[in-house]
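K.L.:
Before anything else, here's the structure in question.
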2 protein chains.
Amino acid sequence: MARPKLHDVAARAGVSVTTVSRVLNNRGYLSDDVRARVGAAIDELGYRPDAIARSLIRRRSGLIGVIVPTVADPFFGELVAAIEHGLAERGYKTLLCDCQENPEREAEYLDLLQANRVDGIVTSTHNRGVTAYEDADLPIVAVDRRVGGGIPIVRGDNRTGGRLATEHLLARGARAPVLVTATDHEGNDRAASYREVMASHGLAPRVRAYGYSTGIDERRALVETWLSETAADGVFATDDLTALMALEWAHKTGRSVPGDLRIVGYDGSAVVRWGMPGLTTVIQPIARLGRRAADLVADRIEDPERLTPAEPPLPVELRLGWTS
Amino acid sequence: MARPKLHDVAARAGVSVTTVSRVLNNRGYLSDDVRARVGAAIDELGYRPDAIARSLIRRRSGLIGVIVPTVADPFFGELVAAIEHGLAERGYKTLLCDCQENPEREAEYLDLLQANRVDGIVTSTHNRGVTAYEDADLPIVAVDRRVGGGIPIVRGDNRTGGRLATEHLLARGARAPVLVTATDHEGNDRAASYREVMASHGLAPRVRAYGYSTGIDERRALVETWLSETAADGVFATDDLTALMALEWAHKTGRSVPGDLRIVGYDGSAVVRWGMPGLTTVIQPIARLGRRAADLVADRIEDPERLTPAEPPLPVELRLGWTS
DNA sequence: CTGAAAGCGCTTACAG
DNA sequence: CTGAAAGCGCTTACAG
């Protein structure tokens, strides 16, 4: 038999569809007898309410759009896993939008999500200039990204992270540590802290930005060029992959680590935490970030009036390895 | 104004909703005049068809459920990214189900996906015994997993991968290479190849399985115990994280790599390919696996009659690093 | 070439 | 305590 519908359950139980619906939603008064008969009919037919029809009426799809650069990146993979778990616990489903570093795709996804009547959005891309968020008229939460329009931001404590990393490099004897980051815009708190710490020690900052859309091989080439050009004796990479590239370059060029070059990364996703204990890195609370973002968007859906004070940044932690 | 609906567009253009719908779907004959007026009204109102209402009528949600152990694992993160891109290109949306190693959650998700009328499912968990797939009555594609019930499997060439890894270890002089894998069941082609190659060289196989649900620290402890117990001079780990654990253990215990211990991993996800060029590993065609799974499920949705011959396994590649 | 009407599978006031 | 009817926002035969 084809998928049973409400009508079939009603016929089987000998009641109206209204009544079945009420049993389903546990709404209004119902005699035990009816309740039991309907329940039996549901079980016998293996009936499951059609979520699409429900969404149409309730004007709530139960879907949350989750927009990320790409889950192929371990940081975002771990983040999305945490977001998904948080959302599932609150009864929401995750519509994944993996848009790479492409602002066009992000704008398309934003459109698609609204057409699909998602109840809310969690976004964590780095694309600047995608302004469509501001007139989206639904709960949005950003992760470590300024979107504008009063959209709350969940993030790790980048100021502290940047400070810990830089101070650590200096404490280990570096005098010319270079900062390698994706983009050096004013919202980059890790870079801001690096500059502050360098200044407070009377050292000149060396900041290099490879750009988010730069291919991986090109990025590696840039990193290698910068490291030799700047005669760096330390690297603070604002992501672990870049830190690993620096490590590899040191091996290739016969430099000792940490003797000649001290290396500190950032993020501390699972593969780094468990597989590369030697890498000194700033560990972000990835699971907490994801869970908080999920809770926040669910809160705002369920209570749109709720005031959302600025989110305090979540604590990061410097893990020491042998690279520094 | 609230979100405009078909009715509003029709009123503005001075036509019926039927006509607007036809313009939207480019269906039937339409005068250029009407087409233009409706188009203008759509633009002026910023109208976007409600995907939920469409799904209800068409009985096609355009959603595909993607079930994975967890996207926090780089292999699955990269796989899901590829699946998502493939699906998006075919016009489908990705409903992400991140169920960890929990068979219960997987069964729940399977239920939820059907309630949400997904058009198809791509699954890649390792849970055995979740049999509900067989009576799901919708297109399903598995990635590197036997689900049963004639469900097609997209996978890398595990036999060749296992053979390459094992032969390489032996070629490098290992005489007691141990296989460390998640589960040593009969469907494990990597293990089968390992055994074959060992046998053909007259060597006794040493297989150790840590189990999917084992915690990461416990797994590390097991790996370390096994390596010392078996007096291994080589390791074939069927995933890269485990290979990295072996590497770490060698460092900790003062063994030289590859002198005392040759190490080969498996998977070659982005972080390993780009960040750890030193690890010898079998690189899976992760992007191709994802894309193929996406195309296959889309094909089966769009042409249910289509015969699906067994999928040929996709080629893997042994990358040489300094660990072997 | 265009429109009125029925219907996708549910929920929810409103009666009774 | 239960049911008939309207309606969520669309699409699609069927008329004209």
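Identifiers in the structure tokens: chain A, B, ... in order shown; residue index from 1 per chain; ligand index from 1 in order shown.
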Using only C-alpha atoms (C1' of nucleotides), which protein or nucleic acid residues come within 12 Å of Ile216 of chain B? Drop anything in the same chain fewer than 2 positions from it, and give the result as a PyMOL selection string.
P.N.:
(chain A and resi 270-271+273-275) or (chain B and resi 182+210-214+218-223+241-242+245)
K.L.:
Could the residues in this selection be written to a file with all heavy atoms, as a compact mmCIF listing (two decimals), in the first residue's frame?
P.N.:
```txt
# COMPACT_ATOMS: atom_id res chain seq x y z
N ALA A 270 39.98 18.32 15.72
CA ALA A 270 40.21 16.98 16.25
C ALA A 270 41.48 16.33 15.72
O ALA A 270 42.26 15.76 16.48
CB ALA A 270 39.01 16.08 15.98
N VAL A 271 41.68 16.41 14.42
CA VAL A 271 42.83 15.70 13.87
C VAL A 271 44.14 16.27 14.44
O VAL A 271 45.10 15.54 14.67
CB VAL A 271 42.80 15.75 12.32
CG1 VAL A 271 42.96 17.15 11.81
CG2 VAL A 271 43.85 14.84 11.72
N ARG A 273 44.31 17.90 17.46
CA ARG A 273 44.34 17.60 18.89
C ARG A 273 44.81 16.17 19.13
O ARG A 273 45.60 15.90 20.03
CB ARG A 273 42.94 17.76 19.50
CG ARG A 273 42.44 19.18 19.55
CD ARG A 273 41.35 19.37 20.61
NE ARG A 273 40.22 18.47 20.48
CZ ARG A 273 39.26 18.59 19.58
NH1 ARG A 273 39.30 19.56 18.68
NH2 ARG A 273 38.27 17.74 19.54
N TRP A 274 44.30 15.24 18.32
CA TRP A 274 44.59 13.84 18.60
C TRP A 274 45.75 13.28 17.79
O TRP A 274 46.44 12.38 18.24
CB TRP A 274 43.35 12.99 18.35
CG TRP A 274 42.16 13.49 19.09
CD1 TRP A 274 40.98 13.91 18.55
CD2 TRP A 274 42.04 13.68 20.49
NE1 TRP A 274 40.14 14.34 19.53
CE2 TRP A 274 40.75 14.21 20.72
CE3 TRP A 274 42.88 13.45 21.58
CZ2 TRP A 274 40.29 14.51 22.00
CZ3 TRP A 274 42.43 13.76 22.85
CH2 TRP A 274 41.15 14.29 23.05
N GLY A 275 45.93 13.82 16.59
CA GLY A 275 46.94 13.22 15.73
C GLY A 275 48.26 13.96 15.73
O GLY A 275 49.29 13.42 15.36
N ALA B 182 39.52 -0.52 12.18
CA ALA B 182 38.39 -0.28 13.09
C ALA B 182 37.69 -1.59 13.43
O ALA B 182 37.58 -1.96 14.59
CB ALA B 182 37.40 0.71 12.47
N TYR B 210 40.21 -1.82 16.77
CA TYR B 210 39.87 -1.05 17.98
C TYR B 210 38.37 -0.82 18.16
O TYR B 210 37.93 -0.48 19.25
CB TYR B 210 40.61 0.29 17.99
CG TYR B 210 40.42 1.15 16.76
CD1 TYR B 210 39.27 1.91 16.60
CD2 TYR B 210 41.38 1.19 15.76
CE1 TYR B 210 39.09 2.68 15.46
CE2 TYR B 210 41.22 1.97 14.63
CZ TYR B 210 40.07 2.71 14.48
OH TYR B 210 39.89 3.47 13.36
N GLY B 211 37.59 -0.98 17.11
CA GLY B 211 36.14 -0.80 17.22
C GLY B 211 35.74 0.65 17.04
O GLY B 211 36.35 1.55 17.62
N TYR B 212 34.70 0.88 16.26
CA TYR B 212 34.31 2.24 15.91
C TYR B 212 33.92 3.10 17.11
O TYR B 212 34.14 4.30 17.13
CB TYR B 212 33.13 2.24 14.95
CG TYR B 212 33.53 1.93 13.55
CD1 TYR B 212 33.08 0.77 12.92
CD2 TYR B 212 34.37 2.79 12.86
CE1 TYR B 212 33.46 0.49 11.62
CE2 TYR B 212 34.75 2.50 11.56
CZ TYR B 212 34.30 1.35 10.95
OH TYR B 212 34.67 1.07 9.67
N SER B 213 33.33 2.47 18.09
CA SER B 213 32.79 3.29 19.16
C SER B 213 33.79 3.54 20.28
O SER B 213 33.46 4.11 21.31
CB SER B 213 31.53 2.63 19.72
OG SER B 213 31.81 1.30 20.05
N THR B 214 35.01 3.09 20.05
CA THR B 214 36.03 3.30 21.07
C THR B 214 36.45 4.77 21.12
O THR B 214 36.68 5.38 20.09
CB THR B 214 37.27 2.44 20.74
OG1 THR B 214 36.85 1.08 20.62
CG2 THR B 214 38.32 2.56 21.81
N GLU B 218 41.25 5.95 24.40
CA GLU B 218 41.30 4.51 24.56
C GLU B 218 41.93 3.88 23.32
O GLU B 218 42.74 2.95 23.40
CB GLU B 218 39.86 4.00 24.74
CG GLU B 218 39.75 2.65 25.39
CD GLU B 218 38.29 2.23 25.51
OE1 GLU B 218 37.39 3.13 25.45
OE2 GLU B 218 38.05 1.03 25.63
N ARG B 219 41.57 4.42 22.18
CA ARG B 219 42.13 3.91 20.93
C ARG B 219 43.64 4.11 20.91
O ARG B 219 44.39 3.20 20.55
CB ARG B 219 41.50 4.68 19.78
CG ARG B 219 42.07 4.38 18.42
CD ARG B 219 41.03 4.77 17.42
NE ARG B 219 41.51 5.44 16.25
CZ ARG B 219 40.76 6.26 15.51
NH1 ARG B 219 39.51 6.53 15.88
NH2 ARG B 219 41.23 6.82 14.42
N ARG B 220 44.06 5.27 21.33
CA ARG B 220 45.49 5.53 21.36
C ARG B 220 46.20 4.51 22.27
O ARG B 220 47.25 3.95 21.92
CB ARG B 220 45.76 6.94 21.88
CG ARG B 220 47.24 7.31 21.91
CD ARG B 220 47.50 8.55 22.75
NE ARG B 220 46.70 9.68 22.33
CZ ARG B 220 46.98 10.43 21.28
NH1 ARG B 220 48.03 10.17 20.55
NH2 ARG B 220 46.20 11.44 20.95
N ALA B 221 45.57 4.28 23.42
CA ALA B 221 46.18 3.33 24.36
C ALA B 221 46.27 1.94 23.74
O ALA B 221 47.30 1.26 23.85
CB ALA B 221 45.36 3.28 25.65
N LEU B 222 45.22 1.54 23.05
CA LEU B 222 45.23 0.23 22.40
C LEU B 222 46.34 0.15 21.36
O LEU B 222 47.11 -0.80 21.32
CB LEU B 222 43.88 -0.02 21.71
CG LEU B 222 42.69 -0.32 22.63
CD1 LEU B 222 41.38 -0.35 21.85
CD2 LEU B 222 42.92 -1.66 23.32
N VAL B 223 46.41 1.17 20.53
CA VAL B 223 47.43 1.19 19.48
C VAL B 223 48.82 1.04 20.07
O VAL B 223 49.64 0.24 19.61
CB VAL B 223 47.33 2.49 18.65
CG1 VAL B 223 48.53 2.62 17.71
CG2 VAL B 223 46.02 2.53 17.86
N LEU B 241 44.34 9.02 11.12
CA LEU B 241 44.50 9.42 12.52
C LEU B 241 45.22 8.35 13.31
O LEU B 241 46.12 8.64 14.11
CB LEU B 241 43.12 9.73 13.14
CG LEU B 241 43.14 10.18 14.59
CD1 LEU B 241 44.12 11.32 14.82
CD2 LEU B 241 41.74 10.60 15.04
N THR B 242 44.85 7.11 13.07
CA THR B 242 45.52 6.01 13.76
C THR B 242 46.99 5.94 13.37
O THR B 242 47.87 5.70 14.20
CB THR B 242 44.83 4.68 13.45
OG1 THR B 242 43.45 4.78 13.82
CG2 THR B 242 45.45 3.53 14.21
N MET B 245 48.80 8.39 15.33
CA MET B 245 49.00 7.93 16.70
C MET B 245 50.23 7.03 16.78
O MET B 245 51.00 7.10 17.75
CB MET B 245 47.77 7.16 17.18
CG MET B 245 46.56 8.04 17.44
SD MET B 245 45.15 7.02 17.93
CE MET B 245 43.98 8.31 18.37
```
K.L.:
Dump as a VMD selection string the residues of chain B that approach chain C to within 12 Å, counting only C-alpha atoms (C1' of nucleotides).
P.N.:
chain B and resid 10 14 to 23 28 to 35 52 to 60
K.L.:
Distance table requested - chain B against chain A, cut-off 7 Å, only C-alpha atoms: one row per qualifying residue with the closest atom pair and its distance in Å to one decimal, ordered by chain and rising residue number, as a tab-separated table.
P.N.:
```
residue	atom	partner	partner_atom	distance
B:Arg48	CA	A:Ala115	CA	6.1
B:Pro49	CA	A:Ala115	CA	6.4
B:Asp50	CA	A:Ala115	CA	5.4
B:Ala51	CA	A:Asn116	CA	4.9
B:Ile52	CA	A:Leu56	CA	6.1
B:Ala53	CA	A:Leu56	CA	6.3
B:Leu56	CA	A:Ile52	CA	6.1
B:Thr70	CA	A:Ala81	CA	6.3
B:Val71	CA	A:Gly77	CA	5.0
B:Ala72	CA	A:Glu78	CA	3.8
B:Pro74	CA	A:Pro74	CA	5.4
B:Gly77	CA	A:Ala72	CA	4.5
B:Glu78	CA	A:Ala72	CA	3.8
B:Ala81	CA	A:Val71	CA	5.7
B:Glu84	CA	A:Asp98	CA	6.8
B:Thr94	CA	A:Leu96	CA	5.5
B:Leu95	CA	A:Leu95	CA	4.7
B:Leu96	CA	A:Thr94	CA	5.6
B:Asp98	CA	A:Ala81	CA	6.4
B:Ala115	CA	A:Asp50	CA	5.5
B:Asn116	CA	A:Ala51	CA	4.9
B:Leu241	CA	A:Gly275	CA	5.5
B:Leu244	CA	A:Gly275	CA	5.1
B:Met245	CA	A:Gly275	CA	5.8
B:Val271	CA	A:Leu241	CA	6.6
B:Gly275	CA	A:Leu244	CA	5.1
```
K.L.:
Do you have the atom CA of Ala191 of chain A-atom CA of Ile121 of chain A distance handy?
P.N.:
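Computing the Euclidean distance for atom CA of Ala191 of chain A and atom CA of Ile121 of chain A yields 28.0 Å.
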K.L.:
Run DSSP on the backbone and grab whatever in segment 94-235 of chain B lands in alpha helix (DSSP H); send it over as JSON, numbers by chain.
P.N.:
{"B": [103, 104, 105, 106, 107, 108, 109, 110, 111, 112, 113, 114, 115, 158, 159, 160, 161, 162, 163, 164, 165, 166, 167, 168, 169, 170, 171, 189, 190, 191, 192, 193, 194, 195, 196, 197, 198, 199, 200, 216, 217, 218, 219, 220, 221, 222, 223, 224, 225, 226, 227, 228, 229]}
K.L.:
Skipping near chain neighbours, those fewer than 2 positions away, what residues fall within 10 Å of segment 198-203 of chain A using only C-alpha atoms (C1' of nucleotides), listed as a list in words?
P.N.:
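Final neighbour list, sorted by chain and number: Arg163, Thr166, Glu167, Leu170, Arg175, Ala176, Pro177, Ala192, Ser193, Tyr194, Arg195, Glu196, Pro205 and Arg206 of chain A.
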K.L.:
Please identify the strand (DSSP E or B) residues within segment 61-239 of chain A (assignment by DSSP from backbone atoms) and present them as a PyMOL selection string.
P.N.:
chain A and resi 63-68+93-98+120-123+140-143+153-154+156+177-181+207-209+234-237
K.L.:
Could you please take those selected residues and save C-alpha atoms as a CSV table (one decimal), in the first residue's frame?
P.N.:
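The result, stored in part-v4.csv:
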```csv
chain,number,residue,atom,x,y,z
A,63,LEU,CA,14.7,23.5,9.1
A,64,ILE,CA,17.8,25.6,9.9
A,65,GLY,CA,20.1,26.6,7.1
A,66,VAL,CA,23.8,26.2,8.1
A,67,ILE,CA,26.1,28.1,5.8
A,68,VAL,CA,29.8,27.4,5.9
A,93,LYS,CA,16.9,19.8,11.1
A,94,THR,CA,20.1,21.0,9.4
A,95,LEU,CA,20.0,22.1,5.8
A,96,LEU,CA,23.7,22.2,4.8
A,97,CYS,CA,25.0,24.9,2.5
A,98,ASP,CA,28.6,24.4,1.7
A,120,GLY,CA,16.6,30.3,11.0
A,121,ILE,CA,20.1,30.5,9.7
A,122,VAL,CA,23.6,29.9,11.2
A,123,THR,CA,26.3,31.3,9.0
A,140,ILE,CA,20.3,34.5,12.1
A,141,VAL,CA,23.3,33.8,14.1
A,142,ALA,CA,26.9,34.2,12.9
A,143,VAL,CA,29.9,32.2,14.1
A,153,ILE,CA,28.1,36.7,16.8
A,154,VAL,CA,29.3,33.5,18.6
A,156,GLY,CA,36.1,32.2,20.5
A,177,PRO,CA,57.8,36.3,14.5
A,178,VAL,CA,55.7,36.8,11.5
A,179,LEU,CA,51.9,36.6,11.5
A,180,VAL,CA,50.4,34.6,8.7
A,181,THR,CA,46.6,35.0,8.4
A,207,VAL,CA,51.8,40.6,8.9
A,208,ARG,CA,51.1,38.6,5.8
A,209,ALA,CA,47.7,37.7,4.5
A,234,GLY,CA,58.8,32.4,14.6
A,235,VAL,CA,55.4,32.0,12.9
A,236,PHE,CA,52.0,32.6,14.3
A,237,ALA,CA,49.6,31.1,11.8
```
K.L.:
Env of Thr131 of chain B: 12 Å cut, atoms = only C-alpha atoms (C1' of nucleotides), seq-sep filter 2 positions within chain, self excluded. Answer as JSON, numbers by chain.
P.N.:
{"B": [103, 104, 106, 107, 110, 127, 128, 129, 133, 134, 135, 136, 146, 147, 148, 149, 151]}
K.L.:
Next, the residues of the selection above should be written as a compact mmCIF listing (two decimals), in the first residue's frame with N, CA and C atoms.
P.N.:
```txt
# COMPACT_ATOMS: atom_id res chain seq x y z
N PRO B 103 23.87 3.68 16.41
CA PRO B 103 22.86 3.05 15.55
C PRO B 103 21.44 3.56 15.85
N GLU B 104 21.18 3.89 17.10
CA GLU B 104 19.86 4.40 17.43
C GLU B 104 19.56 5.69 16.70
N GLU B 106 20.88 6.68 14.06
CA GLU B 106 20.75 6.43 12.63
C GLU B 106 19.33 5.98 12.29
N ALA B 107 18.79 5.11 13.10
CA ALA B 107 17.43 4.63 12.84
C ALA B 107 16.43 5.79 12.97
N LEU B 110 16.58 7.93 9.93
CA LEU B 110 15.97 7.28 8.78
C LEU B 110 14.46 7.55 8.81
N ASN B 127 27.41 1.59 10.97
CA ASN B 127 26.55 0.79 11.82
C ASN B 127 26.02 -0.41 11.05
N ARG B 128 26.27 -1.54 11.59
CA ARG B 128 25.72 -2.72 10.96
C ARG B 128 24.42 -2.97 11.71
N GLY B 129 23.53 -3.67 11.08
CA GLY B 129 22.32 -4.03 11.80
C GLY B 129 21.22 -2.98 11.74
N TYR B 133 16.83 0.35 6.15
CA TYR B 133 17.04 0.87 4.80
C TYR B 133 16.29 0.06 3.76
N GLU B 134 16.25 -1.23 4.01
CA GLU B 134 15.71 -2.10 2.97
C GLU B 134 14.23 -1.85 2.71
N ASP B 135 13.49 -1.42 3.71
CA ASP B 135 12.08 -1.15 3.42
C ASP B 135 11.78 0.34 3.38
N ALA B 136 12.75 1.11 2.94
CA ALA B 136 12.53 2.55 2.92
C ALA B 136 11.82 3.00 1.64
N ARG B 146 28.30 -1.73 3.17
CA ARG B 146 27.27 -2.66 2.69
C ARG B 146 25.99 -2.45 3.47
N VAL B 147 24.95 -2.13 2.78
CA VAL B 147 23.68 -1.93 3.47
C VAL B 147 22.73 -3.07 3.20
N GLY B 148 22.88 -3.69 2.06
CA GLY B 148 22.00 -4.80 1.71
C GLY B 148 20.82 -4.34 0.89
N GLY B 149 20.00 -5.31 0.51
CA GLY B 149 18.79 -4.95 -0.23
C GLY B 149 19.06 -4.33 -1.59
N ILE B 151 21.16 -2.20 -2.52
CA ILE B 151 21.54 -0.79 -2.51
C ILE B 151 22.95 -0.64 -3.06
```
